[in-house]
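Asks: For reference, this is model.cif, and it has mmCIF, C-alpha atoms and all ligand atoms.
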```cif
data_model
#
loop_
_atom_site.label_atom_id
_atom_site.label_comp_id
_atom_site.auth_asym_id
_atom_site.auth_seq_id
_atom_site.Cartn_x
_atom_site.Cartn_y
_atom_site.Cartn_z
CA MET A 1 0.00 0.00 0.00
CA ASP A 2 1.27 3.48 -0.77
CA ARG A 3 0.93 6.69 1.23
CA GLU A 4 -2.26 7.70 -0.54
CA GLN A 5 -3.98 4.38 0.14
CA ILE A 6 -3.07 4.36 3.81
CA ALA A 7 -3.98 8.03 4.42
CA PRO A 8 -7.59 7.36 5.59
CA HIS A 9 -6.29 4.69 7.97
CA VAL A 10 -3.61 7.02 9.37
CA GLU A 11 -6.33 9.59 9.95
CA ASP A 12 -8.50 6.93 11.63
CA ILE A 13 -5.69 5.85 14.01
CA LYS A 14 -4.92 9.48 14.82
CA ARG A 15 -8.56 10.09 15.74
CA ALA A 16 -8.72 6.90 17.86
CA LEU A 17 -5.69 8.26 19.76
CA ASP A 18 -7.33 11.67 20.31
CA ASP A 19 -4.75 13.34 18.03
CA LYS A 20 -2.03 12.65 20.60
CA VAL A 21 0.37 11.08 18.09
CA SER A 22 1.59 12.83 14.94
CA GLU A 23 0.47 11.78 11.48
CA ASP A 24 4.05 11.19 10.30
CA GLN A 25 4.84 8.91 13.17
CA ILE A 26 1.64 6.88 12.64
CA ALA A 27 2.17 6.69 8.86
CA GLY A 28 5.76 5.45 9.34
CA GLU A 29 4.71 2.76 11.78
CA LEU A 30 1.75 1.64 9.72
CA GLU A 31 3.93 1.33 6.61
CA ASN A 32 6.40 -0.76 8.58
CA TYR A 33 3.71 -3.11 9.85
CA LEU A 34 2.15 -3.49 6.40
CA ASN A 35 5.11 -3.51 4.06
CA VAL A 36 7.97 -4.83 6.18
CA TYR A 37 6.26 -7.18 8.64
CA ARG A 38 3.32 -8.03 6.35
CA VAL A 39 0.77 -7.66 9.16
CA PRO A 40 -2.87 -7.49 7.93
CA LEU A 41 -4.28 -3.95 7.95
CA ASP A 42 -6.84 -4.63 10.72
CA SER A 43 -4.30 -6.10 13.12
CA ALA A 44 -1.74 -3.40 12.31
CA LYS A 45 -4.18 -0.61 13.10
CA ARG A 46 -5.34 -2.23 16.32
CA SER A 47 -1.73 -2.86 17.44
CA ILE A 48 -0.69 0.75 16.87
CA VAL A 49 -3.71 2.10 18.77
CA ARG A 50 -3.04 -0.27 21.68
CA LYS A 51 0.67 0.58 21.67
CA TYR A 52 -0.14 4.24 22.40
CA GLY A 53 -2.68 3.37 25.09
CA GLY A 54 -5.81 3.89 22.97
CA ASN A 55 -8.90 1.72 22.57
CA PRO A 56 -9.05 -0.12 19.20
CA ALA A 57 -12.88 -0.07 19.45
CA GLY A 58 -12.55 3.63 18.52
CA LEU A 59 -11.34 2.76 15.01
CA GLN A 60 -13.98 3.40 12.36
CA VAL A 61 -12.58 2.99 8.86
CA GLY A 62 -12.62 -0.49 7.37
CA VAL A 63 -11.66 -2.14 10.59
CA GLN A 64 -13.03 -5.40 11.66
CA LYS A 65 -14.91 -5.48 14.93
CA LYS A 66 -15.84 -8.30 17.23
CA LEU A 67 -19.62 -8.70 17.52
CA ALA A 68 -19.54 -7.85 21.23
CA GLU A 69 -17.88 -4.51 20.36
CA LEU A 70 -20.69 -3.32 18.09
CA ALA A 71 -22.64 -0.25 19.16
CA PRO A 72 -25.93 0.96 17.63
CA ASN A 73 -25.90 3.44 14.72
CA GLU A 74 -22.42 2.68 13.44
CA PRO A 75 -22.46 3.80 9.78
CA SER A 76 -19.80 1.37 8.54
CA VAL A 77 -18.58 -1.82 10.17
CA SER A 78 -16.55 -4.78 8.99
CA LEU A 79 -16.96 -8.21 10.54
CA LEU A 80 -15.66 -11.71 10.36
CA ALA A 81 -18.44 -14.02 11.52
CA ARG A 82 -20.21 -17.34 11.21
CA VAL A 83 -23.75 -17.55 9.88
CA VAL A 84 -25.63 -19.12 12.81
CA SER A 85 -28.95 -18.95 10.98
CA VAL A 86 -30.36 -17.40 7.81
CA ASN A 87 -33.96 -17.23 6.57
CA PRO A 88 -35.67 -15.63 3.56
CA LYS A 89 -38.67 -13.34 4.09
CA GLU A 90 -40.98 -11.36 1.85
CA ILE A 91 -41.90 -7.88 3.05
CA GLN A 92 -43.99 -5.05 1.57
CA VAL A 93 -42.17 -1.83 0.67
CA ASN A 94 -44.40 0.94 -0.71
CA GLY A 95 -46.90 -1.69 -1.85
CA ASN A 96 -44.29 -3.84 -3.62
CA ALA A 97 -43.10 -7.25 -2.53
CA LYS A 98 -39.41 -7.36 -1.63
CA ASN A 99 -37.27 -10.31 -0.60
CA ILE A 100 -34.95 -9.92 2.34
CA LEU A 101 -32.89 -12.26 4.51
CA TYR A 102 -32.68 -12.27 8.26
CA GLY A 103 -30.76 -14.37 10.72
CA ILE A 104 -28.01 -14.43 13.28
CA LEU A 105 -24.24 -13.93 13.01
CA GLY A 106 -21.87 -15.27 15.63
CA ASP A 107 -18.19 -15.05 16.54
CA ASP A 108 -16.19 -15.95 19.64
CA THR A 109 -17.63 -13.00 21.60
CA ALA A 110 -21.38 -12.83 20.88
CA THR A 111 -24.30 -13.54 18.57
CA VAL A 112 -26.12 -10.64 16.90
CA PRO A 113 -29.20 -10.58 14.62
CA PHE A 114 -28.83 -9.30 11.06
CA THR A 115 -31.06 -8.25 8.18
CA ALA A 116 -29.96 -8.18 4.54
CA TRP A 117 -32.02 -5.62 2.58
CA GLU A 118 -30.39 -6.29 -0.81
CA VAL A 119 -30.28 -10.00 -1.55
CA GLU A 120 -29.32 -10.04 -5.22
CA ASN A 121 -26.11 -12.03 -5.67
CA LEU A 122 -26.04 -12.63 -1.92
CA GLU A 123 -25.08 -16.17 -1.14
CA MET A 124 -25.13 -17.13 2.49
CA GLU A 125 -25.90 -20.41 4.12
CA LYS A 126 -26.12 -21.59 7.68
CA GLY A 127 -22.64 -22.54 8.90
CA ASP A 128 -20.79 -20.35 6.36
CA THR A 129 -17.93 -18.18 7.57
CA VAL A 130 -18.12 -14.76 5.95
CA ARG A 131 -16.25 -11.46 5.78
CA VAL A 132 -18.73 -8.57 5.85
CA GLU A 133 -17.59 -5.10 4.77
CA ASN A 134 -19.52 -1.85 5.05
CA ALA A 135 -22.49 -3.08 7.02
CA TYR A 136 -24.23 -0.69 9.41
CA THR A 137 -25.88 -1.11 12.82
CA LYS A 138 -29.15 -0.01 14.39
CA GLU A 139 -30.82 -0.52 17.71
CA TYR A 140 -34.02 -2.53 17.99
CA ARG A 141 -35.69 -3.30 21.33
CA GLY A 142 -32.51 -2.54 23.19
CA GLN A 143 -30.37 -4.84 21.05
CA VAL A 144 -27.77 -4.09 18.37
CA GLN A 145 -28.85 -5.21 14.89
CA ILE A 146 -26.57 -5.55 11.88
CA ASN A 147 -27.92 -4.38 8.52
CA PHE A 148 -26.57 -5.17 5.05
CA GLY A 149 -27.42 -2.42 2.56
CA ASN A 150 -26.47 -1.77 -1.05
CA ARG A 151 -22.86 -0.80 -0.14
CA THR A 152 -22.30 -3.99 1.87
CA THR A 153 -20.12 -6.76 0.45
CA ILE A 154 -20.03 -10.34 1.71
CA SER A 155 -17.23 -12.72 0.84
CA PRO A 156 -16.55 -16.32 1.92
CA GLU A 157 -13.77 -17.08 4.43
CA SER A 158 -12.28 -20.32 5.67
CA PRO A 159 -14.09 -21.84 8.68
CA GLU A 160 -10.95 -21.56 10.86
CA ALA A 161 -11.05 -17.76 10.55
CA VAL A 162 -13.59 -17.49 13.38
CA PRO A 163 -12.87 -19.19 16.72
CA PRO A 164 -15.83 -20.98 18.37
CA PHE A 165 -18.08 -19.12 20.79
CA THR A 166 -16.75 -19.36 24.35
CA PRO A 167 -19.31 -18.67 27.08
CA GLY A 168 -18.08 -17.54 30.49
CA PRO A 169 -16.72 -19.92 33.15
CA ALA A 170 -19.21 -22.60 34.18
CA THR A 171 -18.44 -22.57 37.89
CA VAL A 172 -21.26 -21.36 40.11
CA ARG A 173 -20.54 -17.98 41.56
CA PRO A 174 -22.71 -16.39 44.22
CA ALA A 175 -23.17 -12.75 43.31
CA LYS A 176 -24.75 -9.47 44.34
CA VAL A 177 -26.05 -7.03 41.73
CA ALA A 178 -23.05 -4.71 42.23
CA ASP A 179 -20.65 -7.58 41.42
CA LEU A 180 -22.10 -8.51 38.01
CA ARG A 181 -19.65 -8.20 35.11
CA GLU A 182 -19.63 -9.01 31.39
CA GLY A 183 -19.09 -12.66 30.54
CA PHE A 184 -19.95 -14.18 33.94
CA GLY A 185 -21.62 -17.57 33.67
CA GLY A 186 -23.02 -19.88 36.33
CA VAL A 187 -24.23 -16.95 38.41
CA SER A 188 -26.19 -17.71 41.56
CA MET A 189 -28.15 -14.89 43.18
CA THR A 190 -31.29 -13.87 45.06
CA VAL A 191 -33.16 -10.76 43.89
CA ARG A 192 -36.57 -9.12 44.04
CA ILE A 193 -38.40 -8.30 40.79
CA LEU A 194 -39.23 -4.58 40.69
CA SER A 195 -40.78 -4.49 37.23
CA LEU A 196 -41.64 -7.00 34.57
CA GLU A 197 -42.75 -6.91 30.96
CA GLU A 198 -43.50 -9.55 28.38
CA ARG A 199 -42.18 -9.11 24.87
CA GLU A 200 -41.90 -11.11 21.68
CA VAL A 201 -38.50 -11.68 20.07
CA MET A 202 -37.35 -13.63 17.04
CA VAL A 203 -34.99 -16.50 17.86
CA GLU A 204 -33.59 -18.28 14.83
CA GLY A 205 -36.62 -17.28 12.81
CA ASN A 206 -39.21 -18.32 15.42
CA LYS A 207 -41.32 -16.09 17.63
CA LYS A 208 -40.57 -16.49 21.31
CA MET A 209 -41.92 -14.78 24.42
CA VAL A 210 -39.34 -13.42 26.83
CA TYR A 211 -39.87 -11.82 30.23
CA SER A 212 -37.64 -8.92 31.15
CA GLY A 213 -37.50 -6.12 33.64
CA VAL A 214 -35.58 -4.65 36.52
CA MET A 215 -34.48 -6.66 39.57
CA ALA A 216 -32.69 -5.51 42.70
CA ASP A 217 -30.92 -6.51 45.85
CA GLU A 218 -29.49 -4.27 48.58
CA THR A 219 -26.47 -3.39 46.37
CA GLY A 220 -28.37 -1.98 43.38
CA LYS A 221 -30.58 -2.62 40.36
CA ALA A 222 -29.98 -4.52 37.14
CA GLN A 223 -31.95 -5.60 34.12
CA PHE A 224 -32.81 -9.23 33.59
CA THR A 225 -34.29 -11.42 30.85
CA ALA A 226 -35.98 -14.77 31.46
CA TRP A 227 -36.02 -16.85 28.26
CA LYS A 228 -38.77 -19.14 29.61
CA ASP A 229 -42.12 -18.51 31.33
CA TYR A 230 -41.48 -19.06 35.03
CA GLY A 231 -44.80 -17.44 36.00
CA LEU A 232 -42.94 -14.47 37.49
CA LYS A 233 -44.74 -11.50 39.07
CA GLU A 234 -43.62 -8.07 40.24
CA GLY A 235 -42.50 -8.25 43.85
CA ASP A 236 -41.43 -11.94 43.72
CA VAL A 237 -38.15 -12.86 45.38
CA LEU A 238 -36.23 -15.18 43.06
CA LYS A 239 -33.36 -17.49 43.67
CA ILE A 240 -31.53 -18.11 40.40
CA GLU A 241 -28.74 -20.61 39.92
CA GLY A 242 -26.98 -20.83 36.58
CA GLY A 243 -27.69 -17.39 35.14
CA TYR A 244 -25.27 -15.63 32.79
CA ILE A 245 -24.35 -12.02 32.19
CA ARG A 246 -24.42 -10.09 28.93
CA THR A 247 -23.78 -6.38 28.92
CA TRP A 248 -25.61 -3.80 26.85
CA ARG A 249 -23.54 -0.62 26.50
CA GLY A 250 -21.77 -1.47 29.71
CA ILE A 251 -24.92 -2.27 31.72
CA PRO A 252 -24.81 -5.84 33.02
CA GLN A 253 -27.98 -7.85 32.38
CA LEU A 254 -28.78 -11.18 34.02
CA ASN A 255 -30.11 -13.80 31.60
CA PHE A 256 -31.54 -17.17 32.56
CA ASP A 257 -33.20 -19.96 30.60
CA GLU A 258 -34.20 -23.61 30.90
CA ARG A 259 -30.63 -24.54 31.86
CA ALA A 260 -30.94 -22.49 35.07
CA GLU A 261 -32.57 -23.48 38.36
CA VAL A 262 -35.11 -20.75 39.18
CA ASN A 263 -37.27 -20.71 42.31
CA ILE A 264 -39.63 -18.17 43.80
CA VAL A 265 -38.67 -18.14 47.46
CA ASP A 266 -40.29 -16.85 50.62
CA GLU A 267 -37.40 -15.45 52.58
CA ASP A 268 -36.47 -12.31 54.46
CA PHE A 269 -35.50 -9.78 51.80
CA PRO A 270 -35.51 -5.95 51.55
CA SER A 271 -38.97 -4.60 50.64
CA MET A 272 -40.05 -3.17 47.25
CA ASP A 273 -39.98 0.36 48.70
CA ASP A 274 -36.45 -0.04 50.09
CA LEU A 275 -35.19 -1.45 46.81
CA LYS A 276 -36.87 1.16 44.60
CA THR A 277 -34.68 4.00 45.89
CA SER A 278 -31.88 4.94 43.52
CA PRO A 279 -28.58 4.13 45.26
CA ARG A 280 -25.87 6.78 45.31
CA ILE A 281 -22.67 5.47 43.73
CA TRP A 282 -19.17 6.98 43.49
CA ILE A 283 -18.13 7.68 39.90
CA GLU A 284 -14.98 5.56 40.23
CA ASP A 285 -17.22 2.55 41.04
CA LEU A 286 -19.36 3.27 37.97
CA ILE A 287 -16.23 3.44 35.81
CA GLU A 288 -15.10 0.08 37.17
CA ARG A 289 -18.55 -1.52 36.71
CA GLY A 290 -19.09 -0.08 33.24
CA GLY A 291 -22.74 0.81 33.71
CA ALA A 292 -25.69 0.67 36.07
CA VAL A 293 -29.47 1.01 36.16
CA ASP A 294 -31.13 3.92 38.01
CA THR A 295 -28.17 5.37 39.85
CA THR A 296 -27.64 8.60 41.75
CA VAL A 297 -24.44 10.64 41.44
CA ARG A 298 -23.60 13.74 43.41
CA GLY A 299 -20.78 16.04 42.34
CA ILE A 300 -19.72 19.39 40.91
CA LEU A 301 -20.80 20.25 37.39
CA VAL A 302 -17.43 21.19 35.88
CA ASP A 303 -18.19 21.69 32.17
CA VAL A 304 -21.03 22.38 29.74
CA LYS A 305 -19.68 20.85 26.55
CA GLU A 306 -19.92 21.84 22.90
CA GLY A 307 -23.21 20.60 21.47
CA SER A 308 -25.13 21.83 24.52
CA GLY A 309 -27.99 24.35 24.41
CA LEU A 310 -29.98 24.84 21.23
CA ILE A 311 -29.22 22.11 18.70
CA TYR A 312 -30.77 20.88 15.46
CA ARG A 313 -31.38 17.21 14.75
CA CYS A 314 -31.74 15.21 11.54
CA PRO A 315 -35.47 14.42 11.08
CA GLU A 316 -34.55 10.92 9.82
CA CYS A 317 -32.04 9.63 12.37
CA ARG A 318 -32.06 12.23 15.18
CA ARG A 319 -28.29 12.79 14.89
CA VAL A 320 -27.19 16.31 15.78
CA LEU A 321 -26.50 18.36 12.64
CA ARG A 322 -23.20 20.11 12.00
CA LYS A 323 -23.33 23.07 9.63
CA ASN A 324 -26.93 22.09 8.71
CA ALA A 325 -25.81 18.63 7.56
CA CYS A 326 -26.31 15.13 8.96
CA ARG A 327 -23.32 12.76 8.87
CA ILE A 328 -25.50 10.14 7.14
CA HIS A 329 -28.31 12.02 5.35
CA GLY A 330 -26.45 15.13 4.18
CA GLU A 331 -28.12 18.54 4.13
CA VAL A 332 -31.54 18.38 5.78
CA GLU A 333 -34.11 20.68 7.39
CA GLY A 334 -33.15 20.27 11.07
CA GLU A 335 -35.56 19.97 13.98
CA ALA A 336 -34.79 22.12 17.01
CA ASP A 337 -34.02 20.50 20.35
CA LEU A 338 -32.48 21.46 23.66
CA ARG A 339 -29.98 19.46 25.67
CA ILE A 340 -27.04 19.74 28.02
CA LYS A 341 -23.91 17.64 27.72
CA ALA A 342 -22.22 18.24 31.03
CA VAL A 343 -19.26 16.82 32.91
CA ILE A 344 -19.83 16.04 36.58
CA ASP A 345 -16.93 15.33 38.92
CA ASP A 346 -17.38 13.88 42.41
CA GLY A 347 -13.73 13.81 43.46
CA SER A 348 -13.40 10.10 42.61
CA GLY A 349 -13.86 10.52 38.85
CA ALA A 350 -15.84 12.28 36.13
CA ILE A 351 -18.92 11.31 34.14
CA THR A 352 -20.64 12.82 31.11
CA ALA A 353 -24.28 13.61 31.88
CA ILE A 354 -26.88 14.22 29.18
CA PHE A 355 -29.93 16.28 30.11
CA GLY A 356 -32.85 16.28 27.65
CA ARG A 357 -35.12 19.11 26.56
CA GLU A 358 -37.45 19.09 29.56
CA LEU A 359 -34.67 19.37 32.16
CA THR A 360 -32.82 21.95 30.06
CA GLU A 361 -35.97 24.12 29.84
CA LYS A 362 -36.36 23.76 33.61
CA PHE A 363 -32.79 24.95 34.28
CA LEU A 364 -33.11 27.85 31.83
CA ASN A 365 -36.62 28.66 33.03
CA LYS A 366 -37.37 29.31 29.36
CA SER A 367 -39.23 27.38 26.68
CA MET A 368 -37.51 26.17 23.53
CA ASP A 369 -39.38 28.76 21.44
CA VAL A 370 -37.96 31.55 23.61
CA CYS A 371 -34.46 30.05 23.11
CA ILE A 372 -34.95 30.01 19.32
CA ASP A 373 -35.90 33.71 19.41
CA MET A 374 -32.90 34.45 21.63
CA ALA A 375 -30.57 32.71 19.18
CA LYS A 376 -32.09 34.60 16.23
CA GLU A 377 -31.60 37.92 17.97
CA ALA A 378 -28.01 37.11 18.97
CA MET A 379 -27.41 35.52 15.54
CA THR A 380 -25.77 32.51 17.22
CA HIS A 381 -27.04 29.36 18.96
CA GLU A 382 -24.17 29.67 21.41
CA VAL A 383 -26.09 32.19 23.55
CA VAL A 384 -28.15 29.36 25.00
CA ARG A 385 -25.09 27.31 25.87
CA ASP A 386 -23.45 30.40 27.39
CA ASP A 387 -26.49 30.94 29.63
CA LEU A 388 -26.37 27.32 30.75
CA ALA A 389 -22.63 27.53 31.45
CA ASP A 390 -23.08 30.70 33.56
CA MET A 391 -25.88 29.05 35.48
CA LEU A 392 -24.46 25.59 36.07
CA ILE A 393 -20.67 25.51 36.04
CA ALA A 394 -19.17 25.04 39.50
CA GLN A 395 -22.58 24.19 41.00
CA PRO A 396 -23.01 21.12 43.21
CA ILE A 397 -25.62 18.90 41.61
CA GLU A 398 -27.37 15.58 42.16
CA VAL A 399 -28.38 13.60 39.08
CA GLN A 400 -30.21 10.31 38.72
CA GLY A 401 -30.47 8.03 35.68
CA ASN A 402 -29.08 5.01 33.83
CA VAL A 403 -25.32 4.88 33.25
CA THR A 404 -23.94 3.34 30.06
CA ARG A 405 -20.49 3.04 28.54
CA ASP A 406 -19.14 3.52 25.03
CA ASP A 407 -15.68 4.10 23.54
CA PHE A 408 -15.57 7.60 25.00
CA GLY A 409 -16.23 6.60 28.60
CA ILE A 410 -19.23 6.42 30.89
CA MET A 411 -22.33 8.52 30.42
CA MET A 412 -25.57 9.10 32.31
CA ILE A 413 -28.88 9.83 30.61
CA VAL A 414 -30.31 12.02 33.35
CA ASN A 415 -33.91 11.41 34.46
CA SER A 416 -33.97 13.90 37.29
CA ALA A 417 -31.56 16.51 38.59
CA GLU A 418 -31.32 18.96 41.41
CA VAL A 419 -28.83 21.74 42.08
CA LEU A 420 -27.74 21.26 45.69
CA LYS A 421 -27.06 23.68 48.44
CA ILE A 422 -24.77 21.41 50.42
CA GLU A 423 -21.01 21.45 50.19
CA VAL A 424 -20.31 18.56 47.87
CA GLU A 425 -16.83 19.82 47.20
CA LYS A 426 -15.96 19.63 50.87
CA GLU A 427 -17.37 16.12 51.01
CA ALA A 428 -15.31 15.05 47.99
CA ARG A 429 -12.16 16.54 49.54
CA GLU A 430 -12.82 14.63 52.73
CA MET A 431 -13.14 11.43 50.78
CA LEU A 432 -9.85 12.10 49.00
CA ASP A 433 -8.19 12.86 52.33
CA ASP A 434 -9.51 9.58 53.69
CA LEU A 435 -8.12 7.71 50.70
CA GLU A 436 -4.75 9.40 51.03
CA GLY A 437 -4.76 8.54 54.72
CA LEU A 438 -4.99 4.88 53.79
CA THR A 439 -1.91 4.79 51.61
ZN ZN B 1 -29.60 11.70 9.46
#
```
Mind converting the file's structure to structure tokens?
Replies:
Amino acid sequence: MDREQIAPHVEDIKRALDDKVSEDQIAGELENYLNVYRVPLDSAKRSIVRKYGGNPAGLQVGVQKKLAELAPNEPSVSLLARVVSVNPKEIQVNGNAKNILYGILGDDTATVPFTAWEVENLEMEKGDTVRVENAYTKEYRGQVQINFGNRTTISPESPEAVPPFTPGPATVRPAKVADLREGFGGVSMTVRILSLEEREVMVEGNKKMVYSGVMADETGKAQFTAWKDYGLKEGDVLKIEGGYIRTWRGIPQLNFDERAEVNIVDEDFPSMDDLKTSPRIWIEDLIERGGAVDTTVRGILVDVKEGSGLIYRCPECRRVLRKNACRIHGEVEGEADLRIKAVIDDGSGAITAIFGRELTEKFLNKSMDVCIDMAKEAMTHEVVRDDLADMLIAQPIEVQGNVTRDDFGIMMIVNSAEVLKIEVEKEAREMLDDLEGLT
């Protein structure tokens, strides 16, 4: 490969390393890997990113991902996977019949459903190992879905290219909600069901009812999915042996099916009311856990980031527009929205917190229409962000919501928030002093 061909990949590595390493240095190393050591492009890029302390999941251009690394709404992904199942289906598009394929792809990290929207010349059979280039991902019912569109190419690979799926260790481990981590198998725990809903999913082309919701013990809340009807009800205390953990954007979820031993028990356990409160968690614990359901964080709001205040979204995909253009759909008529992307620090670590329109209007004490007028008058949207920054930066604040993780770190989608009067900073200092006292 020459300099021109590797340029987009150099750019990609540079971005994955937050521009901390120079283009020349990256280009030199990449050329060495490719032309001297004959390392495949994917591995070379991942190695360079890791070498400089970055996360290879941040690479975006033509780099192969593991299925467990996929996030929703990725515009271009490459995969090496096994076809676990594949089925034809006829759907109606604008009154015309159209043939599509759907099924499941698997690798050594996960299985993920896929849909192929263009099936001409597409040859895929159950058990095939395939290289997929330029697919894209969406989110459906809280799960990542892979889509093959007209830019996607599929080519056959040798079966050895994908190692077999390896579920977590099979030993039984007793666990509390706060201990749950990606990949755990053989989990044994007792929890109370706080909420429950029934939903229909497709499993290998067949409809199946699953039962999911939120469960809790005294250490916190987590989502769960039961793949069989155990006759569960809200409020039941369950003893589960042989559950396994999958994470969704960093949030651990307990799954159990016919292989697990599940019993509704009558034992002394914290009440619904006690368990419904949102536990306060230090940010460093959230970073270590990766994600959590309905959590409270208390800290100082230290930054109101770019992209806060009055923003315009793509009407098709809700992405935030830059210079009136969507990254996927080009120039579009944007729809106004309000949000705050803030950084909150509690002395143990920092978290990005996203506040939606309702909370932003509450902080501003202004409606969105008033903000639009303000921006017109000032001839810049930034006036709204400036107001928010003046109002919120350096304020102690308590926020509550779900915490998820992506390549950029942990993030809370805030459900409720309150600016506090108490001295959080002092409290954080005291905690730091305590920690220092221990060392
Ligand atoms: Zn769009």
Asks: Can you list every residue of chain A that has an atom at most 9 Å from ligand ZN 1 (chain B), with its nearest atom pair and the distance in Å to one decimal, using all atoms listed in the file, ordered by chain then number, as a Markdown table?
Replies:
```
| residue | atom | partner | partner_atom | distance |
| --- | --- | --- | --- | --- |
| A:Arg313 | CA | B:ZN1 | ZN | 7.8 |
| A:Cys314 | CA | B:ZN1 | ZN | 4.6 |
| A:Pro315 | CA | B:ZN1 | ZN | 6.7 |
| A:Glu316 | CA | B:ZN1 | ZN | 5.0 |
| A:Cys317 | CA | B:ZN1 | ZN | 4.3 |
| A:Arg318 | CA | B:ZN1 | ZN | 6.2 |
| A:Arg319 | CA | B:ZN1 | ZN | 5.7 |
| A:Val320 | CA | B:ZN1 | ZN | 8.2 |
| A:Leu321 | CA | B:ZN1 | ZN | 8.0 |
| A:Ala325 | CA | B:ZN1 | ZN | 8.1 |
| A:Cys326 | CA | B:ZN1 | ZN | 4.8 |
| A:Arg327 | CA | B:ZN1 | ZN | 6.4 |
| A:Ile328 | CA | B:ZN1 | ZN | 5.0 |
| A:His329 | CA | B:ZN1 | ZN | 4.3 |
| A:Gly330 | CA | B:ZN1 | ZN | 7.0 |
| A:Glu331 | CA | B:ZN1 | ZN | 8.8 |
| A:Val332 | CA | B:ZN1 | ZN | 7.9 |
```
Asks: Set the distance at 10 Å and use all atoms listed in the file: which residues neighbour Glu241 in chain A once local chain neighbours fewer than 2 positions away are removed? I'd like the list as a list in words.
Replies: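 Returned residues: Val172, Arg173, Pro174, Gly185, Gly186, Val187, Ser188, Met189, Thr190, Leu238, Lys239, Gly243, Tyr244, Phe256, Arg259, Ala260, Glu261, Val262 and Asn263 of chain A.
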Asks: With C-alpha atoms retained, could you export that selection as a tab-separated table (two decimals), keeping the file's coordinate frame?
Replies:
```tsv
chain	number	residue	atom	x	y	z
A	172	VAL	CA	-21.26	-21.36	40.11
A	173	ARG	CA	-20.54	-17.98	41.56
A	174	PRO	CA	-22.71	-16.39	44.22
A	185	GLY	CA	-21.62	-17.57	33.67
A	186	GLY	CA	-23.02	-19.88	36.33
A	187	VAL	CA	-24.23	-16.95	38.41
A	188	SER	CA	-26.19	-17.71	41.56
A	189	MET	CA	-28.15	-14.89	43.18
A	190	THR	CA	-31.29	-13.87	45.06
A	238	LEU	CA	-36.23	-15.18	43.06
A	239	LYS	CA	-33.36	-17.49	43.67
A	243	GLY	CA	-27.69	-17.39	35.14
A	244	TYR	CA	-25.27	-15.63	32.79
A	256	PHE	CA	-31.54	-17.17	32.56
A	259	ARG	CA	-30.63	-24.54	31.86
A	260	ALA	CA	-30.94	-22.49	35.07
A	261	GLU	CA	-32.57	-23.48	38.36
A	262	VAL	CA	-35.11	-20.75	39.18
A	263	ASN	CA	-37.27	-20.71	42.31
```
Asks: Can you tell me, as a ChimeraX atom specification, which residues sit within 12 Å of (-30.0, -7.3, 31.0) in the file's frame, using only C-alpha atoms?
Replies: /A:141-143,177,180-182,210-215,221-227,243-256,291-293
Asks: So how many Å separate CA of Val343 in chain A and CA of Val403 in chain A, to one decimal?
Replies: 13.4 Å
Asks: Distance cut-off 7 Å, centre (-22.1, 12.7, 43.6) in file coordinates, counting all atoms listed in the file: which residues qualify? Return them as a list in words.
Replies: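 Checking each residue against the 7 Å limit leaves Trp282, Val297, Arg298, Gly299, Asp346 and Glu398 of chain A.
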Asks: List every residue of range 291-316 of chain A that has an atom at most 10 Å from any atom of range 368-385 of chain A, giving for each one its closest atom pair and the distance in Å to one decimal, counting all atoms listed in the file, sorted by chain and then by ascending residue number, as a Markdown table.
Replies:
```
| residue | atom | partner | partner_atom | distance |
| --- | --- | --- | --- | --- |
| A:Val304 | CA | A:Arg385 | CA | 7.5 |
| A:Lys305 | CA | A:Arg385 | CA | 8.5 |
| A:Glu306 | CA | A:Arg385 | CA | 8.1 |
| A:Gly307 | CA | A:Arg385 | CA | 8.2 |
| A:Ser308 | CA | A:Arg385 | CA | 5.6 |
| A:Gly309 | CA | A:Arg385 | CA | 4.4 |
| A:Leu310 | CA | A:His381 | CA | 5.9 |
| A:Ile311 | CA | A:His381 | CA | 7.6 |
| A:Tyr312 | CA | A:His381 | CA | 9.9 |
```
Asks: CA of Arg151 in chain A and CA of Ala135 in chain A, how far apart in Å?
Replies: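 CA of Ala135 in chain A sits 7.5 Å away from CA of Arg151 in chain A.
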Asks: Please rebuild range 9-14 of chain A with N, CA and C atoms and return the result as a short mmCIF file (atom, residue, chain, number, x, y, z; two decimals), in the frame of the given file.
Replies:
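And here's result29.cif as it stands now:
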```
data_model
loop_
_atom_site.label_atom_id
_atom_site.label_comp_id
_atom_site.auth_asym_id
_atom_site.auth_seq_id
_atom_site.Cartn_x
_atom_site.Cartn_y
_atom_site.Cartn_z
N HIS A 9 -6.52 5.53 6.79
CA HIS A 9 -6.29 4.69 7.97
C HIS A 9 -5.40 5.41 8.99
N VAL A 10 -4.45 6.21 8.49
CA VAL A 10 -3.61 7.02 9.37
C VAL A 10 -4.49 8.00 10.13
N GLU A 11 -5.37 8.63 9.38
CA GLU A 11 -6.33 9.59 9.95
C GLU A 11 -7.19 8.91 11.04
N ASP A 12 -7.64 7.70 10.73
CA ASP A 12 -8.50 6.93 11.63
C ASP A 12 -7.76 6.61 12.94
N ILE A 13 -6.49 6.19 12.82
CA ILE A 13 -5.69 5.85 14.01
C ILE A 13 -5.47 7.10 14.84
N LYS A 14 -5.19 8.21 14.14
CA LYS A 14 -4.92 9.48 14.82
C LYS A 14 -6.15 9.88 15.65
#
```
